[in-house]
Amino acid sequence: MKKLLLPLFVLTQFVFADPPEWEYNPAGFEYAMYMNVAVLSDDGELMGEDVVDMLAAFNDDGSVRGLGIPLFVPFGPFMGETLWELTIGSNDMFGETISFKYYDASAD
């Protein structure tokens with residue numbers, strides 16, 4: 001019986017896992033950059049099917065510099081797909097290195 005409970009416990013941890021608690025305050029930054037982004041999977045497929053997916057921008061120290069807003073595209077070459085609108089904040093006039101993280105809710 002113990003052998004069956006362990007896999008069940010491990011699987012339920014993934015089912016009930018919470019999305020990241022990324023927070024961004026645009027008022028905390030003097031400069032801003034705006035981007036429209038398409039997120040591709042390793043297979044080259046567009047991602048962003050789920051409303052609770054998240055895209056975030058980070059600087060080198062790991063602080064959140066922007067959160068994506070999912071946009072459903074009603075026309076054009078990306079019609080029916082989800083693209084992301086990002087405002088990325090900075091206080092450095094000469095730029096910073098920015099990295100991105102994507103949270104896929106369906107895969108957790």
# chains A, B, ... in the order shown; residues from 1 in each chain; ligands from 1
>>> select_by_dssp(residues="range 43-89 of chain A", states="strand (DSSP E or B)", output="PyMOL selection string")
chain A and resi 46+54-58+64-67+69-72+82-89
>>> closest_residue(among="A:Tyr34, A:Asp42, A:Glu23, A:Ser106", to="Thr87 in chain A", atoms="only C-alpha atoms")
A:Tyr34
>>> residues_around(residues="range 67-80 of chain A", least_positions_apart="3", cutoff="8 Å", atoms="only C-alpha atoms", output="PDB file with C-alpha atoms, in the first residue's frame")
ATOM      1  CA  TRP A  22       6.216  37.418 -10.207  1.00  0.00           C
ATOM      2  CA  GLU A  23       5.358  41.056  -9.482  1.00  0.00           C
ATOM      3  CA  TYR A  24       6.296  44.188 -11.410  1.00  0.00           C
ATOM      4  CA  GLY A  48       0.272  30.945 -24.931  1.00  0.00           C
ATOM      5  CA  VAL A  51      -4.960  32.357 -19.825  1.00  0.00           C
ATOM      6  CA  MET A  54       2.960  33.970 -17.790  1.00  0.00           C
ATOM      7  CA  LEU A  55       5.905  35.712 -19.450  1.00  0.00           C
ATOM      8  CA  ALA A  56       8.323  37.847 -17.429  1.00  0.00           C
ATOM      9  CA  ALA A  57      11.522  39.827 -18.014  1.00  0.00           C
ATOM     10  CA  VAL A  64      11.346  41.333 -12.316  1.00  0.00           C
ATOM     11  CA  LEU A  83       1.246  37.187 -28.569  1.00  0.00           C
ATOM     12  CA  TRP A  84       2.605  38.984 -25.524  1.00  0.00           C
ATOM     13  CA  GLU A  85       2.888  42.700 -24.855  1.00  0.00           C
ATOM     14  CA  LEU A  86       5.743  43.595 -22.498  1.00  0.00           C
ATOM     15  CA  THR A  87       6.807  46.841 -20.876  1.00  0.00           C
ATOM     16  CA  ILE A  88      10.327  46.412 -19.493  1.00  0.00           C
TER      17      ILE A  88
END
>>> select_by_dssp(residues="chain A", states="alpha helix (DSSP H)", output="list in words")
Lys2, Lys3, Leu4, Leu5, Leu6, Pro7, Leu8, Phe9, Val10, Leu11, Thr12, Gln13, Phe14 and Val15 of chain A
>>> closest_residue(among="A:Val52, A:Ile98, A:Met93, A:Ala38", to="Glu21 in chain A", atoms="only C-alpha atoms")
A:Val52
>>> closest_residue(among="A:Ala27, A:Ser63, A:Phe58, A:Glu81", to="Lys101 in chain A", atoms="only C-alpha atoms")
A:Phe58
>>> residues_around(residues="Ala105 in chain A", least_positions_apart="2", cutoff="6 Å", atoms="only C-alpha atoms", output="list in words")
Asp53, Ala107 and Asp108 of chain A
>>> decode(residues="chain A", atoms="C-alpha atoms", output="short mmCIF file (atom, residue, chain, number, x, y, z; two decimals), in the first residue's frame")
data_model
loop_
_atom_site.label_atom_id
_atom_site.label_comp_id
_atom_site.auth_asym_id
_atom_site.auth_seq_id
_atom_site.Cartn_x
_atom_site.Cartn_y
_atom_site.Cartn_z
CA MET A 1 0.00 0.00 0.00
CA LYS A 2 2.87 2.40 0.78
CA LYS A 3 4.32 1.90 -2.69
CA LEU A 4 1.09 3.16 -4.27
CA LEU A 5 0.72 6.22 -2.05
CA LEU A 6 4.14 7.72 -2.85
CA PRO A 7 3.56 8.06 -6.62
CA LEU A 8 0.06 9.39 -5.99
CA PHE A 9 1.46 12.00 -3.56
CA VAL A 10 4.15 13.06 -6.05
CA LEU A 11 1.63 13.39 -8.89
CA THR A 12 -0.77 15.50 -6.84
CA GLN A 13 2.03 17.95 -6.04
CA PHE A 14 2.33 18.74 -9.75
CA VAL A 15 -1.41 18.99 -10.29
CA PHE A 16 -1.86 21.51 -7.47
CA ALA A 17 1.37 23.48 -7.91
CA ASP A 18 1.01 27.27 -7.92
CA PRO A 19 2.17 29.61 -10.70
CA PRO A 20 5.13 31.88 -9.94
CA GLU A 21 4.45 35.00 -7.89
CA TRP A 22 6.22 37.42 -10.21
CA GLU A 23 5.36 41.06 -9.48
CA TYR A 24 6.30 44.19 -11.41
CA ASN A 25 5.84 47.84 -10.43
CA PRO A 26 6.32 50.06 -13.50
CA ALA A 27 6.37 53.20 -11.33
CA GLY A 28 9.68 52.03 -9.83
CA PHE A 29 11.60 52.62 -13.08
CA GLU A 30 12.70 55.73 -14.91
CA TYR A 31 13.08 54.17 -18.39
CA ALA A 32 10.84 51.79 -20.29
CA MET A 33 11.10 49.60 -23.38
CA TYR A 34 8.08 48.11 -25.14
CA MET A 35 7.99 44.77 -26.93
CA ASN A 36 5.48 42.51 -28.66
CA VAL A 37 6.68 38.93 -28.28
CA ALA A 38 5.84 35.51 -29.70
CA VAL A 39 6.90 32.62 -27.45
CA LEU A 40 7.95 29.44 -29.25
CA SER A 41 8.27 25.97 -27.78
CA ASP A 42 11.32 23.79 -28.46
CA ASP A 43 9.39 22.37 -31.46
CA GLY A 44 8.85 25.84 -32.90
CA GLU A 45 5.14 25.95 -31.99
CA LEU A 46 3.63 29.18 -30.66
CA MET A 47 2.81 29.01 -26.95
CA GLY A 48 0.27 30.94 -24.93
CA GLU A 49 -2.91 28.91 -25.19
CA ASP A 50 -3.79 29.15 -21.51
CA VAL A 51 -4.96 32.36 -19.82
CA VAL A 52 -2.81 31.60 -16.77
CA ASP A 53 0.46 31.25 -18.71
CA MET A 54 2.96 33.97 -17.79
CA LEU A 55 5.90 35.71 -19.45
CA ALA A 56 8.32 37.85 -17.43
CA ALA A 57 11.52 39.83 -18.01
CA PHE A 58 14.35 39.81 -15.45
CA ASN A 59 17.65 41.63 -15.04
CA ASP A 60 20.97 40.04 -13.98
CA ASP A 61 20.17 40.09 -10.25
CA GLY A 62 16.85 38.28 -10.85
CA SER A 63 14.48 41.17 -10.17
CA VAL A 64 11.35 41.33 -12.32
CA ARG A 65 11.57 44.09 -14.94
CA GLY A 66 8.32 43.38 -16.78
CA LEU A 67 5.30 41.08 -17.00
CA GLY A 68 3.70 40.10 -20.27
CA ILE A 69 0.07 40.69 -21.10
CA PRO A 70 -1.38 37.99 -23.38
CA LEU A 71 -3.02 39.39 -26.51
CA PHE A 72 -5.30 37.35 -28.75
CA VAL A 73 -4.55 38.38 -32.34
CA PRO A 74 -7.76 38.88 -34.39
CA PHE A 75 -6.17 39.39 -37.85
CA GLY A 76 -2.94 39.22 -39.86
CA PRO A 77 -0.27 36.53 -40.06
CA PHE A 78 -0.68 35.60 -36.36
CA MET A 79 -4.51 35.51 -36.47
CA GLY A 80 -5.92 33.25 -33.76
CA GLU A 81 -2.61 33.07 -31.87
CA THR A 82 -1.51 34.57 -28.56
CA LEU A 83 1.25 37.19 -28.57
CA TRP A 84 2.61 38.98 -25.52
CA GLU A 85 2.89 42.70 -24.86
CA LEU A 86 5.74 43.60 -22.50
CA THR A 87 6.81 46.84 -20.88
CA ILE A 88 10.33 46.41 -19.49
CA GLY A 89 11.53 48.90 -16.89
CA SER A 90 15.05 50.05 -16.05
CA ASN A 91 16.83 52.74 -14.07
CA ASP A 92 20.06 52.36 -16.06
CA MET A 93 20.35 54.88 -18.90
CA PHE A 94 22.90 52.75 -20.76
CA GLY A 95 20.95 49.50 -20.71
CA GLU A 96 20.95 46.19 -18.88
CA THR A 97 21.05 42.55 -19.80
CA ILE A 98 17.50 41.21 -19.77
CA SER A 99 16.46 37.56 -19.73
CA PHE A 100 13.00 36.06 -20.06
CA LYS A 101 11.12 33.26 -18.32
CA TYR A 102 7.90 31.66 -19.50
CA TYR A 103 5.51 29.77 -17.24
CA ASP A 104 3.36 27.22 -19.09
CA ALA A 105 0.39 26.46 -16.84
CA SER A 106 -0.55 23.28 -18.71
CA ALA A 107 2.91 21.77 -18.04
CA ASP A 108 3.45 23.60 -14.73
#
